[in-house]
2 protein chains.
Amino acid sequence: MRLKDIPPAPAARVTIADVARVAGVSKATVSRFLNHRDTLLTPDIAARVEAAVAALNYTPSPMAQALKRGTSRLIGMVVADVTNPYSVAVLRGAEKACKDAGYLVMLFNLGNEPEREREAIAVLSSYQVDGFILNTFDHGGKGRAEVARRGKPAVLIDRRHSGMSADFVSLDNAGAVRMGVTHLVDAGYREILYITEPVKNVSSRLDRQAAFETCIGEHEGVRGAVHESGDGDAGGLEEALRALRRRSRNRRPAIFSGNAVITLRTASAMMRLGLRFGADIGFLGFDEAEWAPLVGPGLTTIAQPTDELGRLAARCLIERLEGLPSPPRQILLPGELVARGSSRIGGGT
Amino acid sequence: MRLKDIPPAPAARVTIADVARVAGVSKATVSRFLNHRDTLLTPDIAARVEAAVAALNYTPSPMAQALKRGTSRLIGMVVADVTNPYSVAVLRGAEKACKDAGYLVMLFNLGNEPEREREAIAVLSSYQVDGFILNTFDHGGKGRAEVARRGKPAVLIDRRHSGMSADFVSLDNAGAVRMGVTHLVDAGYREILYITEPVKNVSSRLDRQAAFETCIGEHEGVRGAVHESGDGDAGGLEEALRALRRRSRNRRPAIFSGNAVITLRTASAMMRLGLRFGADIGFLGFDEAEWAPLVGPGLTTIAQPTDELGRLAARCLIERLEGLPSPPRQILLPGELVARGSSRIGGGT
DNA sequence: TTGTACGCGTTATCAG
DNA sequence: CTGATAACGCGTACAA
């Protein structure tokens, strides 16, 4: 092993003790100088400490501080799947708000493995994060239990956990569905197929599907159906689309997609079947995507106020951290319909 | 304040001392039972401890462990921008590899603010993460300095930091560019416009642009040009496209996009100009996206082995953590060309 | 005003 | 084989 291969000196961390020694004072004095600028120190001493701190460029160890204080100005965020653009967009909003309030966000990705939620929360919690922002599954209440055990505040985004009494921030799904259906009906569509990912226990999916069904019931002469499209289910989806066309000979058919993943899957299926959005089948889907304007005649979407959702979630949590006692709140934000060619009457290509 | 408003009992953490008390042994014994299963304990004692641990369902505090051990089996990942699908894809690969090796990944997002890199690294480091995976800027060497100061191993992904002696994992940009240019030339295009984000100091952008220029030089009768497209620069881009068509009356023109962001921006511009991919202008771009097949006749892309990149980065780092001393390595992986309609001869619509 | 001593939850060392 | 003790880095009563 040659000289250059030796790893850089471990550079032992400079501790408060080092500073104290250099300044010729006690650790307590240094600590006071740092944390309680108000308690008067002799100018002389203060100067010496300040110099020592600068000289060694000392930074307190957040971990040791957390260990002592039981608090860390850190917020733990757990996300079911970072791959999901929605989650990421929300994350950004939350992050900004946290930063403004002097908190840092530490992120944990579950990679769609619900079992890992417990672990993530446990680790985060043991590192004394002050609170949680959760966009996860309701995995048999394990996550809920874990959070409760820690006694730390949490706010849920998008997915409500059954029975977990925490703040909840989400799109107004019912309102958004109503808006979507109304838009399609106004555009002349009379046969609407709602496509959703397997509903499982995900509250937002449940809410949307339920809203769709009641909504359809309120419109005379409009028929609705629901198709659940799983991961490997390309065939089923194609068949559903064919059936949709078949049964809507004299009624204009449209698709209502439950989220961006479904939109992608649907677009692929349409392509394989040689069907055109707008011209052959109307389309409207949850979640605005940067590529929505580029597909076919442009895809009509319901944009979620992701940034605002994140911001509010963070604000909510921070209020709790500062001691707000009120009972669990529920914040529902309206979506915004972005109309494009896919849902225009007789939609162009 | 009513009763129900009282926050759930803080549920004081159960410590090793509690377990010791319940089991009627010393803390040391409990610790040994947990960490050194090999050192034989009296069956009787072991049983008592085990029971106590179970009864209180005790979990050691990772933070306290980290404080003591100076190690945490945590890997810190810092990403310039979570919004970037590339980063996220790589993250997933890295995460899997880390998990398999018994490490957890803690993620920090810079939200495209280079100044925050120092802070992120400092916090992560103070929490005793064992190493870093960095996909960030080369912000005047601040990040590099910070990492060096900690004496912890790091691996760089995609973006090399000038002068930082760390492992580096990335796409073989030169090879990929060559592959792309060759593909376009073979398809009959003779006038190629390479569009890139402002190069700044980002090594991957530099590498790609440089490779493009030398590559063009190697092909007789093929002309190349480069356009830098900033964030608010829609106008400039449109003008560049118009100029491209103008000067390629008798030569088939094509666009080579430097990454997914540029691809999106370019597609918008094409749409506004009423130009069709394939039919009017050929296209090929870095980064495969799920929506690439859906735009126009399908977009030809160069897919990066993101999962593998992440996996290798993690493996690299873990090897370091386990004491591998070798000098900084450089791992370059080949891209894969996904040919679609946008680069077919006389491309369909 | 400043220093001493202790505790946060663990683990390693050293006696016993 | 097991228990007491020190130490990790910091903050804070309490004493001086």
# chains A, B, ... in the order shown; residues from 1 in each chain; ligands from 1

call {"tool": "residues_around", "arguments": {"residues": "range 209-216 of chain A", "least_positions_apart": "6", "cutoff": "9 Å", "atoms": "only C-alpha atoms (C1' of nucleotides)", "output": "PyMOL selection string"}}
result
chain A and resi 173-175+177-178+181-182+192+194-196+199+222-226+258

call {"tool": "write_last_selection", "arguments": {"atoms": "N, CA and C atoms", "output": "PDB file, in the first residue's frame"}}
result
ATOM      1  N   ASN A 173     -60.964  15.199  -2.837  1.00  0.00           N
ATOM      2  CA  ASN A 173     -61.186  14.206  -3.883  1.00  0.00           C
ATOM      3  C   ASN A 173     -62.610  14.215  -4.409  1.00  0.00           C
ATOM      4  N   ALA A 174     -63.565  14.308  -3.515  1.00  0.00           N
ATOM      5  CA  ALA A 174     -64.953  14.293  -3.952  1.00  0.00           C
ATOM      6  C   ALA A 174     -65.220  15.474  -4.881  1.00  0.00           C
ATOM      7  N   GLY A 175     -64.779  16.625  -4.458  1.00  0.00           N
ATOM      8  CA  GLY A 175     -64.988  17.815  -5.282  1.00  0.00           C
ATOM      9  C   GLY A 175     -64.315  17.694  -6.635  1.00  0.00           C
ATOM     10  N   VAL A 177     -63.549  14.965  -8.275  1.00  0.00           N
ATOM     11  CA  VAL A 177     -64.247  13.992  -9.125  1.00  0.00           C
ATOM     12  C   VAL A 177     -65.490  14.642  -9.729  1.00  0.00           C
ATOM     13  N   ARG A 178     -66.217  15.358  -8.889  1.00  0.00           N
ATOM     14  CA  ARG A 178     -67.419  16.031  -9.366  1.00  0.00           C
ATOM     15  C   ARG A 178     -67.059  16.972 -10.515  1.00  0.00           C
ATOM     16  N   VAL A 181     -66.275  14.872 -13.663  1.00  0.00           N
ATOM     17  CA  VAL A 181     -67.443  14.275 -14.308  1.00  0.00           C
ATOM     18  C   VAL A 181     -68.267  15.360 -14.986  1.00  0.00           C
ATOM     19  N   THR A 182     -68.477  16.456 -14.285  1.00  0.00           N
ATOM     20  CA  THR A 182     -69.253  17.548 -14.863  1.00  0.00           C
ATOM     21  C   THR A 182     -68.627  18.036 -16.168  1.00  0.00           C
ATOM     22  N   ILE A 192     -68.984   6.932 -19.264  1.00  0.00           N
ATOM     23  CA  ILE A 192     -67.688   7.207 -18.658  1.00  0.00           C
ATOM     24  C   ILE A 192     -67.118   5.996 -17.922  1.00  0.00           C
ATOM     25  N   TYR A 194     -64.344   4.851 -15.376  1.00  0.00           N
ATOM     26  CA  TYR A 194     -63.356   5.297 -14.391  1.00  0.00           C
ATOM     27  C   TYR A 194     -62.342   4.180 -14.182  1.00  0.00           C
ATOM     28  N   ILE A 195     -61.079   4.481 -14.382  1.00  0.00           N
ATOM     29  CA  ILE A 195     -60.040   3.468 -14.221  1.00  0.00           C
ATOM     30  C   ILE A 195     -59.179   3.805 -13.010  1.00  0.00           C
ATOM     31  N   THR A 196     -59.024   2.829 -12.148  1.00  0.00           N
ATOM     32  CA  THR A 196     -58.285   3.085 -10.915  1.00  0.00           C
ATOM     33  C   THR A 196     -57.277   1.983 -10.656  1.00  0.00           C
ATOM     34  N   VAL A 199     -57.847  -0.740  -5.494  1.00  0.00           N
ATOM     35  CA  VAL A 199     -58.202   0.181  -4.415  1.00  0.00           C
ATOM     36  C   VAL A 199     -57.525  -0.171  -3.093  1.00  0.00           C
ATOM     37  N   VAL A 222     -76.470   9.481 -18.084  1.00  0.00           N
ATOM     38  CA  VAL A 222     -75.037   9.223 -18.196  1.00  0.00           C
ATOM     39  C   VAL A 222     -74.743   7.892 -17.519  1.00  0.00           C
ATOM     40  N   ARG A 223     -73.991   7.067 -18.216  1.00  0.00           N
ATOM     41  CA  ARG A 223     -73.666   5.779 -17.624  1.00  0.00           C
ATOM     42  C   ARG A 223     -72.211   5.736 -17.183  1.00  0.00           C
ATOM     43  N   GLY A 224     -71.955   5.060 -16.100  1.00  0.00           N
ATOM     44  CA  GLY A 224     -70.579   4.963 -15.625  1.00  0.00           C
ATOM     45  C   GLY A 224     -70.201   3.527 -15.309  1.00  0.00           C
ATOM     46  N   ALA A 225     -68.927   3.271 -15.362  1.00  0.00           N
ATOM     47  CA  ALA A 225     -68.423   1.959 -14.975  1.00  0.00           C
ATOM     48  C   ALA A 225     -67.038   2.151 -14.388  1.00  0.00           C
ATOM     49  N   VAL A 226     -66.602   1.141 -13.644  1.00  0.00           N
ATOM     50  CA  VAL A 226     -65.291   1.250 -13.012  1.00  0.00           C
ATOM     51  C   VAL A 226     -64.438   0.061 -13.407  1.00  0.00           C
ATOM     52  N   GLY A 258     -57.718   7.547 -12.709  1.00  0.00           N
ATOM     53  CA  GLY A 258     -57.601   7.796 -11.275  1.00  0.00           C
ATOM     54  C   GLY A 258     -56.280   8.367 -10.801  1.00  0.00           C
TER      55      GLY A 258
END

call {"tool": "select_by_dssp", "arguments": {"residues": "range 26-99 of chain B", "states": "alpha helix (DSSP H)", "output": "ChimeraX atom specification"}}
result
/B:27-35,43-56,62-69,85-99

call {"tool": "residues_around", "arguments": {"residues": "Glu239 in chain A", "least_positions_apart": "3", "cutoff": "12 Å", "atoms": "only C-alpha atoms (C1' of nucleotides)", "output": "mmCIF file with N, CA and C atoms, in the first residue's frame"}}
result
data_model
loop_
_atom_site.group_PDB
_atom_site.id
_atom_site.type_symbol
_atom_site.label_atom_id
_atom_site.label_comp_id
_atom_site.auth_asym_id
_atom_site.auth_seq_id
_atom_site.Cartn_x
_atom_site.Cartn_y
_atom_site.Cartn_z
ATOM 1 N N HIS A 227 -63.186 0.328 -13.718
ATOM 2 C CA HIS A 227 -62.263 -0.770 -13.999
ATOM 3 C C HIS A 227 -61.041 -0.641 -13.106
ATOM 4 N N SER A 229 -57.320 -1.591 -12.585
ATOM 5 C CA SER A 229 -56.209 -2.058 -13.404
ATOM 6 C C SER A 229 -54.962 -2.284 -12.563
ATOM 7 N N ASP A 233 -51.603 -6.006 -15.752
ATOM 8 C CA ASP A 233 -52.925 -6.270 -16.308
ATOM 9 C C ASP A 233 -53.181 -5.567 -17.630
ATOM 10 N N ALA A 234 -52.176 -5.426 -18.481
ATOM 11 C CA ALA A 234 -52.367 -4.709 -19.735
ATOM 12 C C ALA A 234 -53.552 -5.278 -20.524
ATOM 13 N N GLY A 235 -53.635 -6.602 -20.545
ATOM 14 C CA GLY A 235 -54.701 -7.238 -21.307
ATOM 15 C C GLY A 235 -56.077 -6.837 -20.822
ATOM 16 N N GLY A 236 -56.275 -6.883 -19.525
ATOM 17 C CA GLY A 236 -57.569 -6.533 -18.949
ATOM 18 C C GLY A 236 -57.969 -5.119 -19.316
ATOM 19 N N ARG A 242 -61.968 -1.833 -25.156
ATOM 20 C CA ARG A 242 -62.756 -2.344 -26.285
ATOM 21 C C ARG A 242 -64.229 -2.423 -25.910
ATOM 22 N N ALA A 243 -64.459 -2.946 -24.730
ATOM 23 C CA ALA A 243 -65.846 -3.065 -24.269
ATOM 24 C C ALA A 243 -66.493 -1.683 -24.204
ATOM 25 N N LEU A 244 -65.722 -0.719 -23.743
ATOM 26 C CA LEU A 244 -66.243 0.649 -23.633
ATOM 27 C C LEU A 244 -66.733 1.137 -24.996
ATOM 28 N N ARG A 245 -65.917 0.930 -26.013
ATOM 29 C CA ARG A 245 -66.314 1.386 -27.350
ATOM 30 C C ARG A 245 -67.541 0.628 -27.834
ATOM 31 N N ARG A 246 -67.539 -0.665 -27.566
ATOM 32 C CA ARG A 246 -68.618 -1.516 -28.052
ATOM 33 C C ARG A 246 -69.964 -1.049 -27.503
ATOM 34 N N THR A 266 -53.054 3.695 -19.513
ATOM 35 C CA THR A 266 -54.155 3.834 -20.454
ATOM 36 C C THR A 266 -53.666 4.329 -21.808
ATOM 37 N N ALA A 269 -52.200 1.544 -23.731
ATOM 38 C CA ALA A 269 -53.235 0.646 -24.245
ATOM 39 C C ALA A 269 -53.917 1.270 -25.461
ATOM 40 N N MET A 270 -54.241 2.536 -25.366
ATOM 41 C CA MET A 270 -54.885 3.232 -26.481
ATOM 42 C C MET A 270 -54.011 3.124 -27.722
ATOM 43 N N ARG A 272 -51.714 0.907 -28.415
ATOM 44 C CA ARG A 272 -51.681 -0.463 -28.949
ATOM 45 C C ARG A 272 -52.953 -0.777 -29.719
ATOM 46 N N LEU A 273 -54.065 -0.226 -29.262
ATOM 47 C CA LEU A 273 -55.338 -0.499 -29.925
ATOM 48 C C LEU A 273 -55.545 0.428 -31.117
#

call {"tool": "select_by_dssp", "arguments": {"residues": "range 62-243 of chain A", "states": "strand (DSSP E)", "output": "PyMOL selection string"}}
result
chain A and resi 74-79+104-109+131-135+154-157+167-171+191-196+223-228

call {"tool": "write_last_selection", "arguments": {"atoms": "N, CA and C atoms", "output": "CSV table (one decimal), in the first residue's frame"}}
result
chain,number,residue,atom,x,y,z
A,74,LEU,N,-35.6,18.7,13.5
A,74,LEU,CA,-35.6,17.8,12.3
A,74,LEU,C,-37.0,17.3,12.1
A,75,ILE,N,-37.4,17.2,10.9
A,75,ILE,CA,-38.7,16.7,10.6
A,75,ILE,C,-38.6,15.5,9.7
A,76,GLY,N,-39.2,14.4,10.1
A,76,GLY,CA,-39.0,13.1,9.4
A,76,GLY,C,-40.2,13.0,8.4
A,77,MET,N,-39.8,12.7,7.1
A,77,MET,CA,-40.9,12.5,6.2
A,77,MET,C,-40.7,11.1,5.6
A,78,VAL,N,-41.8,10.4,5.6
A,78,VAL,CA,-41.8,9.0,5.1
A,78,VAL,C,-42.7,9.0,3.9
A,79,VAL,N,-42.2,8.5,2.8
A,79,VAL,CA,-42.9,8.5,1.5
A,79,VAL,C,-43.0,7.0,1.0
A,104,LEU,N,-35.2,21.1,9.3
A,104,LEU,CA,-34.6,20.3,8.2
A,104,LEU,C,-35.5,19.1,8.0
A,105,VAL,N,-35.6,18.7,6.7
A,105,VAL,CA,-36.4,17.5,6.5
A,105,VAL,C,-35.5,16.3,6.1
A,106,MET,N,-35.7,15.3,6.8
A,106,MET,CA,-35.0,14.0,6.5
A,106,MET,C,-36.0,13.1,5.9
A,107,LEU,N,-35.6,12.5,4.8
A,107,LEU,CA,-36.6,11.7,4.0
A,107,LEU,C,-36.3,10.2,4.0
A,108,PHE,N,-37.3,9.5,4.1
A,108,PHE,CA,-37.2,8.0,4.1
A,108,PHE,C,-38.1,7.5,3.0
A,109,ASN,N,-37.6,6.7,2.2
A,109,ASN,CA,-38.4,6.1,1.1
A,109,ASN,C,-38.7,4.7,1.4
A,131,GLY,N,-41.2,15.5,14.5
A,131,GLY,CA,-42.5,15.2,14.1
A,131,GLY,C,-42.4,14.5,12.7
A,132,PHE,N,-43.6,14.0,12.3
A,132,PHE,CA,-43.6,13.2,11.0
A,132,PHE,C,-44.5,13.8,10.0
A,133,ILE,N,-44.1,13.7,8.8
A,133,ILE,CA,-45.0,13.9,7.7
A,133,ILE,C,-45.1,12.6,6.9
A,134,LEU,N,-46.3,12.0,6.9
A,134,LEU,CA,-46.4,10.7,6.3
A,134,LEU,C,-47.3,10.6,5.1
A,135,ASN,N,-46.7,10.1,4.0
A,135,ASN,CA,-47.4,9.8,2.8
A,135,ASN,C,-47.2,8.3,2.5
A,154,ALA,N,-47.8,14.0,14.1
A,154,ALA,CA,-47.7,13.6,12.7
A,154,ALA,C,-48.8,14.2,11.9
A,155,VAL,N,-48.5,14.4,10.6
A,155,VAL,CA,-49.6,14.8,9.7
A,155,VAL,C,-49.6,13.9,8.5
A,156,LEU,N,-50.8,13.5,8.1
A,156,LEU,CA,-50.9,12.6,7.0
A,156,LEU,C,-51.2,13.3,5.7
A,157,ILE,N,-50.6,12.9,4.7
A,157,ILE,CA,-50.8,13.5,3.4
A,157,ILE,C,-51.5,12.5,2.4
A,167,ASP,N,-53.5,15.2,12.0
A,167,ASP,CA,-53.9,16.1,11.0
A,167,ASP,C,-53.8,15.4,9.7
A,168,PHE,N,-54.7,15.8,8.8
A,168,PHE,CA,-54.8,15.2,7.5
A,168,PHE,C,-54.9,16.3,6.4
A,169,VAL,N,-54.0,16.2,5.4
A,169,VAL,CA,-54.0,17.2,4.4
A,169,VAL,C,-54.1,16.5,3.0
A,170,SER,N,-55.1,16.9,2.2
A,170,SER,CA,-55.3,16.2,1.0
A,170,SER,C,-56.1,17.0,0.0
A,171,LEU,N,-56.1,16.5,-1.2
A,171,LEU,CA,-56.9,17.1,-2.2
A,171,LEU,C,-58.4,16.8,-1.8
A,191,GLU,N,-70.9,8.1,-21.6
A,191,GLU,CA,-70.5,6.8,-21.1
A,191,GLU,C,-69.1,6.9,-20.6
A,192,ILE,N,-69.0,6.9,-19.3
A,192,ILE,CA,-67.7,7.2,-18.7
A,192,ILE,C,-67.1,6.0,-17.9
A,193,LEU,N,-65.9,5.7,-18.3
A,193,LEU,CA,-65.2,4.6,-17.6
A,193,LEU,C,-64.2,5.1,-16.6
A,194,TYR,N,-64.3,4.9,-15.4
A,194,TYR,CA,-63.4,5.3,-14.4
A,194,TYR,C,-62.3,4.2,-14.2
A,195,ILE,N,-61.1,4.5,-14.4
A,195,ILE,CA,-60.0,3.5,-14.2
A,195,ILE,C,-59.2,3.8,-13.0
A,196,THR,N,-59.0,2.8,-12.1
A,196,THR,CA,-58.3,3.1,-10.9
A,196,THR,C,-57.3,2.0,-10.7
A,223,ARG,N,-74.0,7.1,-18.2
A,223,ARG,CA,-73.7,5.8,-17.6
A,223,ARG,C,-72.2,5.7,-17.2
A,224,GLY,N,-72.0,5.1,-16.1
A,224,GLY,CA,-70.6,5.0,-15.6
A,224,GLY,C,-70.2,3.5,-15.3
A,225,ALA,N,-68.9,3.3,-15.4
A,225,ALA,CA,-68.4,2.0,-15.0
A,225,ALA,C,-67.0,2.2,-14.4
A,226,VAL,N,-66.6,1.1,-13.6
A,226,VAL,CA,-65.3,1.3,-13.0
A,226,VAL,C,-64.4,0.1,-13.4
A,227,HIS,N,-63.2,0.3,-13.7
A,227,HIS,CA,-62.3,-0.8,-14.0
A,227,HIS,C,-61.0,-0.6,-13.1
A,228,GLU,N,-60.7,-1.7,-12.4
A,228,GLU,CA,-59.5,-1.8,-11.6
A,228,GLU,C,-58.4,-2.3,-12.5

call {"tool": "residues_around", "arguments": {"residues": "range 311-317 of chain B", "least_positions_apart": "2", "cutoff": "6 Å", "atoms": "only C-alpha atoms (C1' of nucleotides)", "output": "list in words"}}
result
Gly93, Ala94, Ala97, Glu308, Leu309, Glu319 and Arg320 of chain B

call {"tool": "write_last_selection", "arguments": {"atoms": "C-alpha atoms", "output": "mmCIF file, in the first residue's frame"}}
result
data_model
loop_
_atom_site.group_PDB
_atom_site.id
_atom_site.type_symbol
_atom_site.label_atom_id
_atom_site.label_comp_id
_atom_site.auth_asym_id
_atom_site.auth_seq_id
_atom_site.Cartn_x
_atom_site.Cartn_y
_atom_site.Cartn_z
ATOM 1 C CA GLY B 93 -31.011 1.157 -7.048
ATOM 2 C CA ALA B 94 -28.747 2.391 -4.312
ATOM 3 C CA ALA B 97 -28.201 -2.505 -2.473
ATOM 4 C CA GLU B 308 -27.361 -0.509 -11.883
ATOM 5 C CA LEU B 309 -25.707 2.857 -11.385
ATOM 6 C CA GLU B 319 -16.631 -1.803 0.093
ATOM 7 C CA ARG B 320 -14.922 1.332 1.331
#

call {"tool": "interface_residues", "arguments": {"of": "chain A", "to": "chain C", "cutoff": "10 Å", "atoms": "only C-alpha atoms (C1' of nucleotides)", "output": "JSON, numbers by chain"}}
result
{"A": [25, 26, 27, 28, 29, 39, 40, 41, 42, 45, 64, 65, 66, 67, 68, 69, 70]}

call {"tool": "write_last_selection", "arguments": {"atoms": "C-alpha atoms", "output": "PDB file, in the first residue's frame"}}
result
ATOM      1  CA  VAL A  25     -12.762  28.195  30.338  1.00  0.00           C
ATOM      2  CA  SER A  26     -15.178  25.422  31.258  1.00  0.00           C
ATOM      3  CA  LYS A  27     -17.434  23.547  28.874  1.00  0.00           C
ATOM      4  CA  ALA A  28     -20.419  25.091  30.573  1.00  0.00           C
ATOM      5  CA  THR A  29     -19.237  28.541  29.687  1.00  0.00           C
ATOM      6  CA  THR A  39     -26.923  35.606  29.940  1.00  0.00           C
ATOM      7  CA  LEU A  40     -24.162  38.122  30.284  1.00  0.00           C
ATOM      8  CA  LEU A  41     -20.633  36.863  29.983  1.00  0.00           C
ATOM      9  CA  THR A  42     -17.597  38.925  30.824  1.00  0.00           C
ATOM     10  CA  ILE A  45     -14.361  35.628  28.381  1.00  0.00           C
ATOM     11  CA  ALA A  64     -25.415  15.020  20.944  1.00  0.00           C
ATOM     12  CA  GLN A  65     -27.732  17.987  21.222  1.00  0.00           C
ATOM     13  CA  ALA A  66     -30.655  15.873  20.234  1.00  0.00           C
ATOM     14  CA  LEU A  67     -29.684  13.200  22.701  1.00  0.00           C
ATOM     15  CA  LYS A  68     -29.646  15.756  25.457  1.00  0.00           C
ATOM     16  CA  ARG A  69     -32.590  17.906  24.495  1.00  0.00           C
ATOM     17  CA  GLY A  70     -34.857  15.238  23.125  1.00  0.00           C
TER      18      GLY A  70
END

call {"tool": "closest_atom_pairs", "arguments": {"of": "chain D", "to": "chain A", "cutoff": "7 Å", "atoms": "only C-alpha atoms (C1' of nucleotides)", "output": "tab-separated table"}}
result
residue	atom	partner	partner_atom	distance
D:DG9	C1'	A:Ala64	CA	5.2
D:DC10	C1'	A:Ala64	CA	5.4
D:DG11	C1'	A:Lys68	CA	6.6

call {"tool": "closest_residue", "arguments": {"among": "B:Gly310, B:Pro253, B:Gly151, B:Pro293", "to": "chain A", "atoms": "only C-alpha atoms"}}
result
B:Gly151

call {"tool": "atom_distance", "arguments": {"atom1": "CA of Ala279 in chain A", "atom2": "CA of Thr300 in chain A"}}
result
13.6 Å
